[in-house]
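protein.pdb, holding PDB, C-alpha atoms:
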ATOM      1  CA  MET K   1      63.944 173.580 145.616
ATOM      2  CA  THR K   2      67.484 173.029 144.375
ATOM      3  CA  ARG K   3      68.832 173.568 147.901
ATOM      4  CA  ILE K   4      66.417 171.009 149.323
ATOM      5  CA  VAL K   5      67.498 168.383 146.802
ATOM      6  CA  LEU K   6      71.171 169.196 147.485
ATOM      7  CA  PHE K   7      70.764 168.872 151.263
ATOM      8  CA  PHE K   8      68.851 165.611 150.764
ATOM      9  CA  CYS K   9      71.673 164.120 148.648
ATOM     10  CA  ILE K  10      74.311 165.232 151.165
ATOM     11  CA  GLY K  11      72.296 163.587 153.954
ATOM     12  CA  LEU K  12      72.079 160.300 152.105
ATOM     13  CA  THR K  13      75.823 160.344 151.437
ATOM     14  CA  LEU K  14      76.726 161.011 155.077
ATOM     15  CA  ASN K  15      74.333 158.305 156.246
ATOM     16  CA  ALA K  16      75.903 155.767 153.871
ATOM     17  CA  PHE K  17      79.413 156.511 155.139
ATOM     18  CA  SER K  18      78.304 156.354 158.772
ATOM     19  CA  GLN K  19      76.663 152.967 158.201
ATOM     20  CA  LYS K  20      79.815 151.695 156.531
ATOM     21  CA  ASP K  21      81.987 152.653 159.492
ATOM     22  CA  LEU K  22      79.781 151.007 162.124
ATOM     23  CA  PRO K  23      81.068 147.691 163.530
ATOM     24  CA  THR K  24      79.114 144.598 162.479
ATOM     25  CA  THR K  25      78.284 141.598 164.632
ATOM     26  CA  ASP K  26      79.977 138.270 163.958
ATOM     27  CA  SER K  27      77.417 135.547 163.270
ATOM     28  CA  ASN K  28      79.914 132.901 164.376
ATOM     29  CA  ALA K  29      79.515 133.608 168.077
ATOM     30  CA  LYS K  30      80.533 130.050 168.943
ATOM     31  CA  LYS K  31      84.232 130.825 168.553
ATOM     32  CA  TYR K  32      84.034 133.398 171.373
ATOM     33  CA  LEU K  33      82.577 130.742 173.660
ATOM     34  CA  ASP K  34      85.296 128.161 172.981
ATOM     35  CA  ASP K  35      86.307 126.423 176.206
ATOM     36  CA  GLY K  36      89.281 124.647 174.662
ATOM     37  CA  LYS K  37      87.499 121.356 174.057
ATOM     38  CA  ASN K  38      87.651 119.674 170.673
ATOM     39  CA  THR K  39      83.930 119.569 169.895
ATOM     40  CA  ASP K  40      84.422 119.256 166.149
ATOM     41  CA  ALA K  41      86.545 116.088 166.022
ATOM     42  CA  ASP K  42      86.217 113.829 162.992
ATOM     43  CA  ALA K  43      87.038 110.509 164.654
ATOM     44  CA  ASP K  44      87.638 108.826 167.996
ATOM     45  CA  ILE K  45      89.909 105.879 168.877
ATOM     46  CA  ARG K  46      88.748 104.233 172.103
ATOM     47  CA  ILE K  47      89.712 101.407 174.449
ATOM     48  CA  ALA K  48      86.943  99.632 176.381
ATOM     49  CA  VAL K  49      87.940  99.456 180.045
ATOM     50  CA  THR K  50      85.053  97.236 181.129
ATOM     51  CA  SER K  51      85.912  94.567 178.526
ATOM     52  CA  ILE K  52      89.208  93.947 180.311
ATOM     53  CA  VAL K  53      87.219  92.471 183.203
ATOM     54  CA  THR K  54      85.715  89.882 180.841
ATOM     55  CA  GLY K  55      89.156  88.996 179.467
ATOM     56  CA  PHE K  56      89.012  91.005 176.220
ATOM     57  CA  LEU K  57      91.143  93.917 175.078
ATOM     58  CA  ASP K  58      88.775  95.845 172.809
ATOM     59  CA  LEU K  59      89.692  98.773 170.579
ATOM     60  CA  ALA K  60      87.178 100.777 168.540
ATOM     61  CA  TYR K  61      87.389 103.412 165.809
ATOM     62  CA  GLU K  62      84.439 105.806 165.559
ATOM     63  CA  GLN K  63      83.968 107.950 162.447
ATOM     64  CA  ARG K  64      81.595 110.894 162.317
ATOM     65  CA  ILE K  65      79.279 110.895 159.284
ATOM     66  CA  ASN K  66      77.523 114.195 159.976
ATOM     67  CA  HIS K  67      76.401 116.298 162.947
ATOM     68  CA  THR K  68      74.030 113.566 164.144
ATOM     69  CA  TYR K  69      75.316 110.133 163.103
ATOM     70  CA  SER K  70      78.531 108.138 163.351
ATOM     71  CA  VAL K  71      79.676 104.572 162.668
ATOM     72  CA  GLU K  72      82.058 102.508 164.754
ATOM     73  CA  LEU K  73      84.189  99.436 164.017
ATOM     74  CA  GLY K  74      85.760  97.440 166.811
ATOM     75  CA  GLY K  75      88.100  94.519 167.276
ATOM     76  CA  GLY K  76      89.072  92.517 170.325
ATOM     77  CA  TYR K  77      91.676  90.032 171.536
ATOM     78  CA  GLN K  78      90.999  87.711 174.475
ATOM     79  CA  PHE K  79      93.963  87.340 176.830
ATOM     80  CA  ASN K  80      92.297  85.286 179.610
ATOM     81  CA  ARG K  81      88.978  83.714 180.599
ATOM     82  CA  GLY K  82      87.859  86.836 182.413
ATOM     83  CA  ILE K  83      84.978  87.172 184.852
ATOM     84  CA  ASP K  84      81.359  86.599 183.853
ATOM     85  CA  VAL K  85      80.128  89.531 185.941
ATOM     86  CA  PHE K  86      76.458  89.366 184.945
ATOM     87  CA  LYS K  87      76.368  85.547 184.595
ATOM     88  CA  LEU K  88      75.501  85.757 180.909
ATOM     89  CA  VAL K  89      77.432  82.661 179.821
ATOM     90  CA  ASN K  90      75.043  79.709 179.591
ATOM     91  CA  GLU K  91      77.148  77.101 181.385
ATOM     92  CA  LEU K  92      76.655  73.414 180.672
ATOM     93  CA  GLU K  93      77.812  70.703 183.055
ATOM     94  CA  PHE K  94      79.472  68.414 180.526
ATOM     95  CA  PHE K  95      81.822  71.061 179.104
ATOM     96  CA  PRO K  96      85.296  71.177 180.743
ATOM     97  CA  TYR K  97      85.367  74.740 182.058
ATOM     98  CA  ASP K  98      88.733  74.221 183.730
ATOM     99  CA  GLU K  99      90.536  74.086 180.378
ATOM    100  CA  GLU K 100      93.067  76.701 179.348
ATOM    101  CA  LEU K 101      92.166  79.367 176.804
ATOM    102  CA  THR K 102      94.056  78.812 173.539
ATOM    103  CA  LYS K 103      92.831  81.880 171.664
ATOM    104  CA  GLY K 104      89.990  84.352 171.571
ATOM    105  CA  MET K 105      88.957  87.221 169.348
ATOM    106  CA  GLY K 106      85.980  89.293 168.303
ATOM    107  CA  PHE K 107      84.681  92.197 166.241
ATOM    108  CA  SER K 108      81.791  94.648 166.383
ATOM    109  CA  VAL K 109      79.887  97.110 164.190
ATOM    110  CA  THR K 110      77.951 100.010 165.718
ATOM    111  CA  ALA K 111      75.683 102.769 164.421
ATOM    112  CA  LYS K 112      75.270 105.788 166.717
ATOM    113  CA  ARG K 113      72.848 108.684 166.863
ATOM    114  CA  TYR K 114      73.736 111.721 168.978
ATOM    115  CA  GLY K 115      71.173 114.003 170.557
ATOM    116  CA  GLY K 116      72.948 117.305 169.886
ATOM    117  CA  LYS K 117      74.412 119.058 166.871
ATOM    118  CA  GLU K 118      78.011 117.799 167.074
ATOM    119  CA  ALA K 119      78.334 114.023 166.690
ATOM    120  CA  ILE K 120      80.982 112.143 168.741
ATOM    121  CA  SER K 121      81.280 115.153 171.049
ATOM    122  CA  GLU K 122      80.146 115.832 174.590
ATOM    123  CA  MET K 123      76.524 114.651 174.733
ATOM    124  CA  THR K 124      74.185 111.655 175.049
ATOM    125  CA  PHE K 125      73.802 109.076 172.296
ATOM    126  CA  GLN K 126      71.855 105.976 171.283
ATOM    127  CA  ALA K 127      73.526 103.058 169.540
ATOM    128  CA  LEU K 128      72.762  99.718 167.913
ATOM    129  CA  THR K 129      75.595  97.152 167.960
ATOM    130  CA  TYR K 130      76.331  93.747 166.481
ATOM    131  CA  ARG K 131      79.221  91.973 168.215
ATOM    132  CA  ASN K 132      80.722  88.543 167.535
ATOM    133  CA  ARG K 133      83.178  86.897 169.953
ATOM    134  CA  THR K 134      84.751  83.439 169.867
ATOM    135  CA  SER K 135      86.763  81.781 172.648
ATOM    136  CA  ALA K 136      88.697  78.605 171.815
ATOM    137  CA  PHE K 137      89.819  76.120 174.464
ATOM    138  CA  GLU K 138      91.568  72.743 174.318
ATOM    139  CA  THR K 139      88.524  70.619 173.445
ATOM    140  CA  TYR K 140      85.686  73.093 172.832
ATOM    141  CA  SER K 141      84.881  76.621 171.668
ATOM    142  CA  TYR K 142      82.304  79.172 172.743
ATOM    143  CA  ASN K 143      80.820  81.744 170.349
ATOM    144  CA  ALA K 144      78.573  84.641 171.377
ATOM    145  CA  GLN K 145      76.757  86.917 168.936
ATOM    146  CA  ASP K 146      75.219  89.942 170.636
ATOM    147  CA  ILE K 147      72.747  92.401 169.129
ATOM    148  CA  PHE K 148      72.032  95.174 171.601
ATOM    149  CA  TYR K 149      70.855  98.745 172.136
ATOM    150  CA  THR K 150      72.912 101.250 174.133
ATOM    151  CA  LEU K 151      71.938 104.449 175.894
ATOM    152  CA  GLY K 152      75.192 106.239 176.592
ATOM    153  CA  TRP K 153      76.994 109.437 177.482
ATOM    154  CA  LYS K 154      80.245 110.953 176.286
ATOM    155  CA  TYR K 155      82.288 113.511 178.208
ATOM    156  CA  LEU K 156      85.402 115.424 177.135
ATOM    157  CA  LEU K 157      88.108 115.190 179.782
ATOM    158  CA  SER K 158      90.414 117.471 177.788
ATOM    159  CA  ASN K 159      90.899 118.780 174.266
ATOM    160  CA  SER K 160      91.807 115.280 172.999
ATOM    161  CA  ILE K 161      90.719 112.743 175.634
ATOM    162  CA  SER K 162      87.123 111.533 175.966
ATOM    163  CA  ALA K 163      85.295 109.246 178.372
ATOM    164  CA  GLN K 164      82.273 107.180 177.380
ATOM    165  CA  ALA K 165      79.811 105.084 179.367
ATOM    166  CA  GLY K 166      76.526 103.366 178.594
ATOM    167  CA  PHE K 167      73.945 100.758 179.542
ATOM    168  CA  ASN K 168      73.390  97.874 177.115
ATOM    169  CA  ALA K 169      70.416  95.563 176.563
ATOM    170  CA  GLY K 170      69.632  93.110 173.792
ATOM    171  CA  LEU K 171      69.801  89.538 172.493
ATOM    172  CA  ARG K 172      72.577  86.930 172.756
ATOM    173  CA  LEU K 173      72.958  83.955 170.408
ATOM    174  CA  SER K 174      75.547  81.549 171.813
ATOM    175  CA  LYS K 175      77.012  78.256 170.673
ATOM    176  CA  TYR K 176      79.135  75.618 172.409
ATOM    177  CA  ALA K 177      81.052  73.525 169.893
ATOM    178  CA  HIS K 178      83.043  70.429 170.882
ATOM    179  CA  THR K 179      86.385  70.264 169.063
ATOM    180  CA  GLY K 180      87.930  67.258 170.846
ATOM    181  CA  THR K 181      87.756  63.512 170.157
ATOM    182  CA  THR K 182      85.134  62.613 172.773
ATOM    183  CA  VAL K 183      82.169  60.804 171.212
ATOM    184  CA  GLY K 184      78.563  61.618 172.098
ATOM    185  CA  ILE K 185      78.864  65.343 172.816
ATOM    186  CA  GLU K 186      76.885  67.504 170.406
ATOM    187  CA  ASP K 187      77.031  71.224 169.776
ATOM    188  CA  VAL K 188      74.629  73.259 171.887
ATOM    189  CA  LYS K 189      73.000  76.539 170.815
ATOM    190  CA  LYS K 190      71.330  78.986 173.172
ATOM    191  CA  THR K 191      69.295  82.179 172.795
ATOM    192  CA  GLY K 192      69.030  84.544 175.721
ATOM    193  CA  PHE K 193      69.194  88.048 177.123
ATOM    194  CA  TYR K 194      72.291  90.206 176.936
ATOM    195  CA  GLY K 195      72.767  93.249 179.133
ATOM    196  CA  GLY K 196      75.386  95.170 181.025
ATOM    197  CA  PHE K 197      77.389  98.332 181.478
ATOM    198  CA  SER K 198      80.251  99.533 179.284
ATOM    199  CA  ALA K 199      82.855 102.276 179.697
ATOM    200  CA  GLY K 200      86.027 103.402 177.987
ATOM    201  CA  PHE K 201      88.432 106.197 177.146
ATOM    202  CA  GLY K 202      89.105 107.649 173.709
ATOM    203  CA  TYR K 203      91.461 109.929 171.798
ATOM    204  CA  TYR K 204      89.967 112.478 169.409
ATOM    205  CA  ILE K 205      91.288 112.947 165.872
ATOM    206  CA  LYS K 206      90.843 116.062 163.729
ATOM    207  CA  TYR K 207      91.612 115.623 160.015
TER     208      TYR K 207
END
In structure tokens, how does this file's structure come out?
Amino acid sequence: MTRIVLFFCIGLTLNAFSQKDLPTTDSNAKKYLDDGKNTDADADIRIAVTSIVTGFLDLAYEQRINHTYSVELGGGYQFNRGIDVFKLVNELEFFPYDEELTKGMGFSVTAKRYGGKEAISEMTFQALTYRNRTSAFETYSYNAQDIFYTLGWKYLLSNSISAQAGFNAGLRLSKYAHTGTTVGIEDVKKTGFYGGFSAGFGYYIKY
């Protein structure tokens, strides 16, 4: 009986040492699948290429909140009249559209929801944006407030450079305000549809 107990104890000891020496699997398998892309960036600084066509130079800063959501703040400077590609400006006959642009600027606030597990990385997203733009001319100004939904995609071109594109649809509140000395011209407000396509390139930041 003593021998049986002794052999049993020796067996348990050998089994414990053999288990200790066996290699264990790494639960963080993701690091072995790394393709060199920065999928865990904390922020993204982006320039909107399509806004250049409309006369605005827009820059945006996107900050990741968690693995699903991010917020974005944008600012823009208007350098020329641009092209109204989708004919969204509600033109009125009595406003002098041949006047020179004196200044133009805008800002935007966006909330984004990504479909995967790594926000602001390579995947599809949905966004809700409020954007306010004002263009001032010699005798009048034009203000457009847009509230729109975006279905978009983001792709990583390299470890630090991203490309983003999306389709936008929503509401536009516009206002023509006369700033000259002509009598009899009143301000005109319009409510209409806003829609279009947006695209840009960004630079990823890791804190």
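For the choices K:Ser121, K:Asp146, K:Ala127, K:Leu173, the atom-to-atom distance to K:Ser158 is smallest for K:Ser121 when using all atoms listed in the file.
Minimum distance to K:Leu151 across K:Leu73, K:Ala163, K:Met123, K:Met105 (counting all atoms listed in the file) occurs at K:Met123.
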Practice task
Have a look at atom CA of K:Ala41 and atom CA of K:Phe167 and let me know their distance in Å, one decimal.
Solution key: 24.0 Å
Problem - Residue with smallest distance to K:Phe79 - pool K:Ser51, K:Asn66, K:Asn132, K:Asn143, counting only C-alpha atoms - result: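 With only C-alpha atoms as the atom set, the closest residue is K:Ser51.
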Completion exercise
atom CA of K:Tyr204 to atom CA of K:Glu118 measures 13.3 Å
Practice task
Can you work out the spacing between atom CA of K:Glu62 and atom CA of K:Arg172 in Å, to one decimal?
Solution key: 23.4 Å
Problem - For K:Tyr69: contacts at 7 Å, all atoms listed in the file, fewer than 3 positions along chain excluded, given as number ranges by chain - result: K: 64-66, 112-114, 119
Next, dump the selected residues to file, keeping only C-alpha atoms, as a CSV table (one decimal), keeping the file's coordinate frame.
chain,number,residue,atom,x,y,z
K,64,ARG,CA,81.6,110.9,162.3
K,65,ILE,CA,79.3,110.9,159.3
K,66,ASN,CA,77.5,114.2,160.0
K,112,LYS,CA,75.3,105.8,166.7
K,113,ARG,CA,72.8,108.7,166.9
K,114,TYR,CA,73.7,111.7,169.0
K,119,ALA,CA,78.3,114.0,166.7
Handout entry: Shell around stretch 188-201 of chain K at 8 Å using only C-alpha atoms, local window under 4 positions removed, as a ChimeraX atom specification
Key = /K:46-51,86,88,90,146,148,161-177
Give me the box for stretch 129-144 of chain K as JSON, namely the centre and edge lengths in Å to one decimal of a box along x, y and z that holds every listed atom plus 5 Å on each side.
{"center_x": 83.6, "center_y": 83.9, "center_z": 170.5, "size_x": 26.0, "size_y": 36.5, "size_z": 18.0}
